[in-house]
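Before any comments, here is the structure.
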Amino acid sequence: MSFSSIINADRVRRVGEALSRIPLDAVHVIESNDPQYTAVKKIIEKCGPRGVALVVANALISYRLSLPGENYWLEYANYLSTEGCDNDISIIISRFLAISRGNRMLHRQKLSRIQKASRALQSISVNPLLFRDLRLLVNRIAASLGARPWEKTIVFAAKMAYYAYRALGINVKNAEEIPLPIDRRVALLTSTSGLIVAEPEIILQRLRDEAITAWRRVSEISGMPALHLDAVIWLPAKGIEKYLKMGIEAAREEYAKRLVDYSQGLIKWDVAKRVATEILYYDIFSKSKSKK
């Protein structure tokens with residue numbers, strides 16, 4: 001993928017430079033405070049190393065959700081804690097989907113994905129240590145699905161696998177090669193930051209590859225692998241649209257406050273405010289109003 005003219009190189013540089021001021025220990029604390037990590041840790045405590053495959057399986061069907069991702073993963077962890085981890089993975093997922101509040105749509109399609117990925121999931125279940133190489137994990141899943149390795153759910157599966165390995169106390173390999181998953185929240189931030197001058201829906205529908213490229217460059221400038229960058233930008237943005245509609249400064253204040261809180265104060269206010277200002281650079285709701 002080439003650095004496209006659609007991408008605003010100046011905005012990429014400014015966002016990357018702002019994020020470069022976040023210390024590595026703060027990133028680790030933010031990840032520890034991610035509710036999705038809490039959910040994965042609960043799964044690993046219940047299921048042990050087999051939990052890696054169960055985490056990857058759920059990541060592959062984590063789209064078109066009816067709950068925020070944070071809430072959905074806690075629902076899945078609670079289900080496994082009650083029902084156990086010993087059944088065939090496809091049976092576990094099928095039974096979970098039948099009662100899930102957070103994953104109500106496209107069940108046939110999602111079960112078909114699990115079926116297609118069943119050999120890869122079985123390999124991860126049998127030999128989880130091999131797949132701490134996240135490049136191998138991504139390529140194996142992509143091949144089983146006949147998909148591109150940087151498809152959103154596949155790279156998201158790598159992120160959640162990283163959380164699972166971290167909960168097991170196992171270091172992963174090739175984390176720096178995993179791109180940022182471009183979901184609705186990241187598409188919004190891609191737009192508000194000005195990395196790509198387009199509405200979030202357009203980014204999701206037509207410009208995912210360009211968004212991946214833009215955030216990869218941000219990752220390089222910041223010195224923060226995209227796998228870690230994801231939690232740093234994604235977590236504070238939950239429900240940020242509400243604050244954007246109140247005004248750009250209200251949104252920046254809230255985003256900065258959340259960065260400080262999630263890092264337990266390791267990110268200082270001036271750094272948090274600069275990051276918030278660069279990531280929430282454009283008031284896209286104000287722009288859309290002015291076009292009417």
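Residues are named by chain letter and number: chains run A, B, ... in the order of the structure tokens, numbers start at 1 in each chain, and ligands are numbered from 1 in the order shown.
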- Task: Identify, on the basis of only C-alpha atoms, every residue whose closest approach to A:Met160 does not exceed 8 Å; exclude the query and any residue fewer than 2 positions from it along the same chain; express the result as a ChimeraX atom specification.
- Result: /A:37,40,55-56,59,156-158,162-164
Preceding selection exported with all heavy atoms as a PDB file, in the first residue's frame:
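Printed below is part_29.pdb as written:
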```pdb
ATOM      1  N   TYR A  37      -9.561  -5.962  27.827  1.00  0.00           N
ATOM      2  CA  TYR A  37      -8.490  -6.750  28.436  1.00  0.00           C
ATOM      3  C   TYR A  37      -8.996  -7.442  29.700  1.00  0.00           C
ATOM      4  O   TYR A  37      -8.679  -8.609  29.950  1.00  0.00           O
ATOM      5  CB  TYR A  37      -7.286  -5.867  28.763  1.00  0.00           C
ATOM      6  CG  TYR A  37      -6.198  -6.641  29.492  1.00  0.00           C
ATOM      7  CD1 TYR A  37      -5.444  -7.604  28.821  1.00  0.00           C
ATOM      8  CD2 TYR A  37      -5.948  -6.436  30.844  1.00  0.00           C
ATOM      9  CE1 TYR A  37      -4.462  -8.341  29.478  1.00  0.00           C
ATOM     10  CE2 TYR A  37      -4.974  -7.155  31.508  1.00  0.00           C
ATOM     11  CZ  TYR A  37      -4.236  -8.111  30.834  1.00  0.00           C
ATOM     12  OH  TYR A  37      -3.277  -8.850  31.485  1.00  0.00           O
ATOM     13  N   VAL A  40     -10.848 -10.455  28.556  1.00  0.00           N
ATOM     14  CA  VAL A  40      -9.937 -11.493  28.070  1.00  0.00           C
ATOM     15  C   VAL A  40      -9.217 -12.169  29.236  1.00  0.00           C
ATOM     16  O   VAL A  40      -9.052 -13.397  29.262  1.00  0.00           O
ATOM     17  CB  VAL A  40      -8.928 -10.901  27.059  1.00  0.00           C
ATOM     18  CG1 VAL A  40      -7.806 -11.897  26.758  1.00  0.00           C
ATOM     19  CG2 VAL A  40      -9.643 -10.519  25.770  1.00  0.00           C
ATOM     20  N   VAL A  55     -10.837 -16.546  22.281  1.00  0.00           N
ATOM     21  CA  VAL A  55     -10.780 -15.096  22.109  1.00  0.00           C
ATOM     22  C   VAL A  55     -10.708 -14.748  20.621  1.00  0.00           C
ATOM     23  O   VAL A  55     -11.423 -13.863  20.139  1.00  0.00           O
ATOM     24  CB  VAL A  55      -9.557 -14.522  22.876  1.00  0.00           C
ATOM     25  CG1 VAL A  55      -9.222 -13.109  22.407  1.00  0.00           C
ATOM     26  CG2 VAL A  55      -9.832 -14.531  24.376  1.00  0.00           C
ATOM     27  N   VAL A  56      -9.869 -15.457  19.881  1.00  0.00           N
ATOM     28  CA  VAL A  56      -9.742 -15.212  18.440  1.00  0.00           C
ATOM     29  C   VAL A  56     -11.071 -15.483  17.737  1.00  0.00           C
ATOM     30  O   VAL A  56     -11.517 -14.705  16.883  1.00  0.00           O
ATOM     31  CB  VAL A  56      -8.616 -16.081  17.839  1.00  0.00           C
ATOM     32  CG1 VAL A  56      -8.655 -16.049  16.314  1.00  0.00           C
ATOM     33  CG2 VAL A  56      -7.247 -15.596  18.333  1.00  0.00           C
ATOM     34  N   ALA A  59     -13.446 -12.648  18.292  1.00  0.00           N
ATOM     35  CA  ALA A  59     -13.012 -11.456  17.550  1.00  0.00           C
ATOM     36  C   ALA A  59     -13.454 -11.526  16.092  1.00  0.00           C
ATOM     37  O   ALA A  59     -13.805 -10.503  15.491  1.00  0.00           O
ATOM     38  CB  ALA A  59     -11.495 -11.305  17.643  1.00  0.00           C
ATOM     39  N   PHE A 156      -8.131  -7.311  14.335  1.00  0.00           N
ATOM     40  CA  PHE A 156      -8.710  -7.206  15.674  1.00  0.00           C
ATOM     41  C   PHE A 156      -8.490  -8.510  16.451  1.00  0.00           C
ATOM     42  O   PHE A 156      -8.196  -8.484  17.650  1.00  0.00           O
ATOM     43  CB  PHE A 156     -10.205  -6.883  15.588  1.00  0.00           C
ATOM     44  CG  PHE A 156     -10.880  -6.775  16.921  1.00  0.00           C
ATOM     45  CD1 PHE A 156     -10.492  -5.823  17.858  1.00  0.00           C
ATOM     46  CD2 PHE A 156     -11.921  -7.632  17.256  1.00  0.00           C
ATOM     47  CE1 PHE A 156     -11.109  -5.727  19.098  1.00  0.00           C
ATOM     48  CE2 PHE A 156     -12.546  -7.541  18.489  1.00  0.00           C
ATOM     49  CZ  PHE A 156     -12.142  -6.595  19.412  1.00  0.00           C
ATOM     50  N   ALA A 157      -8.597  -9.640  15.754  1.00  0.00           N
ATOM     51  CA  ALA A 157      -8.319 -10.928  16.398  1.00  0.00           C
ATOM     52  C   ALA A 157      -6.881 -10.980  16.907  1.00  0.00           C
ATOM     53  O   ALA A 157      -6.607 -11.533  17.982  1.00  0.00           O
ATOM     54  CB  ALA A 157      -8.576 -12.067  15.414  1.00  0.00           C
ATOM     55  N   ALA A 158      -5.960 -10.391  16.141  1.00  0.00           N
ATOM     56  CA  ALA A 158      -4.560 -10.354  16.580  1.00  0.00           C
ATOM     57  C   ALA A 158      -4.409  -9.499  17.835  1.00  0.00           C
ATOM     58  O   ALA A 158      -3.665  -9.847  18.753  1.00  0.00           O
ATOM     59  CB  ALA A 158      -3.675  -9.819  15.461  1.00  0.00           C
ATOM     60  N   TYR A 162      -3.217 -10.854  21.414  1.00  0.00           N
ATOM     61  CA  TYR A 162      -2.149 -10.210  22.202  1.00  0.00           C
ATOM     62  C   TYR A 162      -2.586 -10.043  23.656  1.00  0.00           C
ATOM     63  O   TYR A 162      -1.823 -10.338  24.583  1.00  0.00           O
ATOM     64  CB  TYR A 162      -1.784  -8.858  21.588  1.00  0.00           C
ATOM     65  CG  TYR A 162      -1.168  -7.885  22.563  1.00  0.00           C
ATOM     66  CD1 TYR A 162       0.066  -8.140  23.158  1.00  0.00           C
ATOM     67  CD2 TYR A 162      -1.849  -6.715  22.917  1.00  0.00           C
ATOM     68  CE1 TYR A 162       0.617  -7.250  24.072  1.00  0.00           C
ATOM     69  CE2 TYR A 162      -1.308  -5.820  23.826  1.00  0.00           C
ATOM     70  CZ  TYR A 162      -0.082  -6.093  24.412  1.00  0.00           C
ATOM     71  OH  TYR A 162       0.448  -5.218  25.326  1.00  0.00           O
ATOM     72  N   TYR A 163      -3.832  -9.595  23.863  1.00  0.00           N
ATOM     73  CA  TYR A 163      -4.347  -9.462  25.229  1.00  0.00           C
ATOM     74  C   TYR A 163      -4.351 -10.821  25.940  1.00  0.00           C
ATOM     75  O   TYR A 163      -4.032 -10.925  27.133  1.00  0.00           O
ATOM     76  CB  TYR A 163      -5.756  -8.879  25.202  1.00  0.00           C
ATOM     77  CG  TYR A 163      -5.833  -7.364  25.147  1.00  0.00           C
ATOM     78  CD1 TYR A 163      -7.064  -6.716  25.020  1.00  0.00           C
ATOM     79  CD2 TYR A 163      -4.696  -6.578  25.246  1.00  0.00           C
ATOM     80  CE1 TYR A 163      -7.157  -5.330  24.985  1.00  0.00           C
ATOM     81  CE2 TYR A 163      -4.770  -5.189  25.208  1.00  0.00           C
ATOM     82  CZ  TYR A 163      -6.011  -4.578  25.075  1.00  0.00           C
ATOM     83  OH  TYR A 163      -6.095  -3.199  25.051  1.00  0.00           O
ATOM     84  N   ALA A 164      -4.738 -11.864  25.215  1.00  0.00           N
ATOM     85  CA  ALA A 164      -4.781 -13.202  25.811  1.00  0.00           C
ATOM     86  C   ALA A 164      -3.376 -13.672  26.204  1.00  0.00           C
ATOM     87  O   ALA A 164      -3.172 -14.205  27.305  1.00  0.00           O
ATOM     88  CB  ALA A 164      -5.422 -14.189  24.834  1.00  0.00           C
TER      89      ALA A 164
END
```
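In this comparison, which uses only C-alpha atoms, the residue of A:Val52, A:Ile6, A:Ala147, A:Ile170 approaching A:Ala198 most closely is A:Ile6.
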- Message: Need to verify the contact set: A:Glu241, 12 Å, only C-alpha atoms, exclusion of same-chain residues closer than 4 positions in sequence. Can you return it as a ChimeraX atom specification?
- Response: /A:184-185,188-189,192,200,236-237,245-248,250-252,254-255,280,283-286
Would you output that residue set with C-alpha atoms, as an mmCIF file, in the first residue's frame?
```cif
data_model
loop_
_atom_site.group_PDB
_atom_site.id
_atom_site.type_symbol
_atom_site.label_atom_id
_atom_site.label_comp_id
_atom_site.auth_asym_id
_atom_site.auth_seq_id
_atom_site.Cartn_x
_atom_site.Cartn_y
_atom_site.Cartn_z
ATOM 1 C CA ARG A 184 -16.550 2.941 13.332
ATOM 2 C CA ARG A 185 -14.818 4.604 16.259
ATOM 3 C CA LEU A 188 -14.525 8.769 13.259
ATOM 4 C CA LEU A 189 -11.088 9.637 14.676
ATOM 5 C CA THR A 192 -11.789 14.297 13.159
ATOM 6 C CA PRO A 200 -16.465 8.507 8.796
ATOM 7 C CA PRO A 236 -11.085 7.528 25.294
ATOM 8 C CA ALA A 237 -13.305 7.907 22.214
ATOM 9 C CA LYS A 245 -22.120 17.725 19.256
ATOM 10 C CA MET A 246 -21.743 19.886 22.372
ATOM 11 C CA GLY A 247 -18.668 21.538 20.840
ATOM 12 C CA ILE A 248 -15.110 20.643 19.916
ATOM 13 C CA ALA A 250 -16.009 19.912 25.278
ATOM 14 C CA ALA A 251 -14.960 16.827 23.320
ATOM 15 C CA ARG A 252 -11.254 17.608 23.711
ATOM 16 C CA GLU A 254 -13.424 14.842 27.885
ATOM 17 C CA TYR A 255 -10.988 12.926 25.684
ATOM 18 C CA LEU A 280 -10.113 15.912 17.636
ATOM 19 C CA ASP A 283 -15.354 19.675 14.327
ATOM 20 C CA ILE A 284 -16.963 17.399 11.743
ATOM 21 C CA PHE A 285 -20.464 17.908 13.094
ATOM 22 C CA SER A 286 -20.114 21.668 12.768
#
```
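Nearest to A:Ile141 of all the residues A:Glu177, A:Lys242, A:Leu60, A:His107 is A:Leu60, based on only C-alpha atoms.
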- Message: Would you compute the distance between atom CA of A:Glu253 and atom CA of A:Ile30? Give it in Å to one decimal.
- Response: 17.9 Å
- Message: Taking the DSSP secondary structure from the backbone, can you list the residues of stretch 26-161 of chain A that are helix (DSSP H, G or I), as a ChimeraX atom specification?
- Response: /A:26-32,35-60,69-83,89-99,107-116,118-126,128-132,134-145,152-161
- Task: For A:Thr153, please output as a PyMOL selection string all residues within 12 Å (counting only C-alpha atoms; exclusion window: fewer than 5 positions along the same chain).
- Result: chain A and resi 55-64+110+113+138+141-142+145+147-148+158-161+178-183
- Item | All residues 12 Å or closer to A:Asp261, only C-alpha atoms, same chain fewer than 3 positions away omitted, as a ChimeraX atom specification | /A:26,29-30,33-34,232,235-236,254-258,264-269,272
Dump N, CA and C atoms for the selected residues as a tab-separated table (two decimals), in the first residue's frame?
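Heads up, here's the output in part.tsv:
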```tsv
chain	number	residue	atom	x	y	z
A	26	ALA	N	2.78	4.24	30.33
A	26	ALA	CA	1.39	4.71	30.32
A	26	ALA	C	0.54	3.87	29.36
A	29	VAL	N	-0.41	0.66	31.06
A	29	VAL	CA	-1.45	0.88	32.07
A	29	VAL	C	-2.81	1.06	31.39
A	30	ILE	N	-2.83	1.82	30.29
A	30	ILE	CA	-4.09	2.00	29.55
A	30	ILE	C	-4.62	0.66	29.09
A	33	ASN	N	-6.27	-1.23	31.78
A	33	ASN	CA	-7.56	-0.66	32.17
A	33	ASN	C	-8.62	-0.77	31.07
A	34	ASP	N	-8.25	-1.39	29.96
A	34	ASP	CA	-9.21	-1.62	28.88
A	34	ASP	C	-10.20	-2.69	29.33
A	232	VAL	N	-4.89	3.22	23.00
A	232	VAL	CA	-4.65	4.61	23.41
A	232	VAL	C	-5.65	5.56	22.76
A	235	LEU	N	-10.00	3.78	23.30
A	235	LEU	CA	-10.71	3.78	24.59
A	235	LEU	C	-11.30	5.14	24.97
A	236	PRO	N	-10.52	6.23	24.88
A	236	PRO	CA	-11.09	7.53	25.29
A	236	PRO	C	-12.18	8.05	24.36
A	254	GLU	N	-13.02	16.18	27.45
A	254	GLU	CA	-13.42	14.84	27.89
A	254	GLU	C	-12.41	13.79	27.44
A	255	TYR	N	-11.96	13.89	26.21
A	255	TYR	CA	-10.99	12.93	25.68
A	255	TYR	C	-9.69	12.99	26.50
A	256	ALA	N	-9.21	14.20	26.76
A	256	ALA	CA	-7.98	14.37	27.54
A	256	ALA	C	-8.14	13.83	28.95
A	257	LYS	N	-9.28	14.11	29.56
A	257	LYS	CA	-9.55	13.62	30.93
A	257	LYS	C	-9.52	12.09	30.96
A	258	ARG	N	-10.10	11.47	29.95
A	258	ARG	CA	-10.12	10.02	29.92
A	258	ARG	C	-8.72	9.45	29.71
A	264	GLN	N	-3.94	6.35	34.64
A	264	GLN	CA	-3.76	6.55	36.08
A	264	GLN	C	-2.76	7.67	36.37
A	265	GLY	N	-2.86	8.73	35.57
A	265	GLY	CA	-2.04	9.92	35.78
A	265	GLY	C	-0.66	9.89	35.18
A	266	LEU	N	-0.30	8.78	34.51
A	266	LEU	CA	1.03	8.71	33.89
A	266	LEU	C	1.12	9.61	32.66
A	267	ILE	N	-0.02	9.87	32.02
A	267	ILE	CA	-0.07	10.89	30.97
A	267	ILE	C	-0.46	12.20	31.63
A	268	LYS	N	0.40	13.17	31.55
A	268	LYS	CA	0.15	14.46	32.19
A	268	LYS	C	-0.87	15.25	31.37
A	269	TRP	N	-1.51	16.21	32.05
A	269	TRP	CA	-2.62	16.93	31.43
A	269	TRP	C	-2.21	17.64	30.14
A	272	ALA	N	-1.94	15.06	27.44
A	272	ALA	CA	-3.28	14.56	27.10
A	272	ALA	C	-4.06	15.58	26.29
```
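A straight line drawn from atom CA of A:Pro128 to atom CA of A:Gly51 is 9.0 Å long.
Considering only C-alpha atoms, the residue among A:Leu65, A:Ser20, A:Leu54, A:Thr190 positioned nearest to A:Ile93 is A:Leu54.
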- Query: For A:Lys238, which residue out of A:Val186, A:Ala117, A:Met224, A:Leu74 is the nearest one, using only C-alpha atoms?
  - Reply: A:Val186
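As for atom CA of A:Gly102 and atom CA of A:Ser118, they are spaced 22.6 Å apart.
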- Residues at most 9 Å from stretch 208-215 of chain A, counting only C-alpha atoms, excluding those fewer than 4 positions away in the same chain, as a ChimeraX atom specification? /A:1-4,6-9,12,16,150,152,179-182,186-187,190,195-196,202-204,219-220,226,229
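Comparing the minimum interatomic distances between A:Val155 and each of A:Leu134, A:Ala39, A:Ala18, A:Asn174, counting only C-alpha atoms, we find that A:Leu134 sits nearest.
Considering the residues A:Ile233, A:Pro35, A:Leu136, A:Thr277 and counting only C-alpha atoms, A:Leu259 has its shortest atom-to-atom contact with A:Ile233.
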- Item | 10 Å contact set for A:Asn127, only C-alpha atoms, chain neighbours under 6 positions out, as a ChimeraX atom specification | /A:49-50,52-53,121
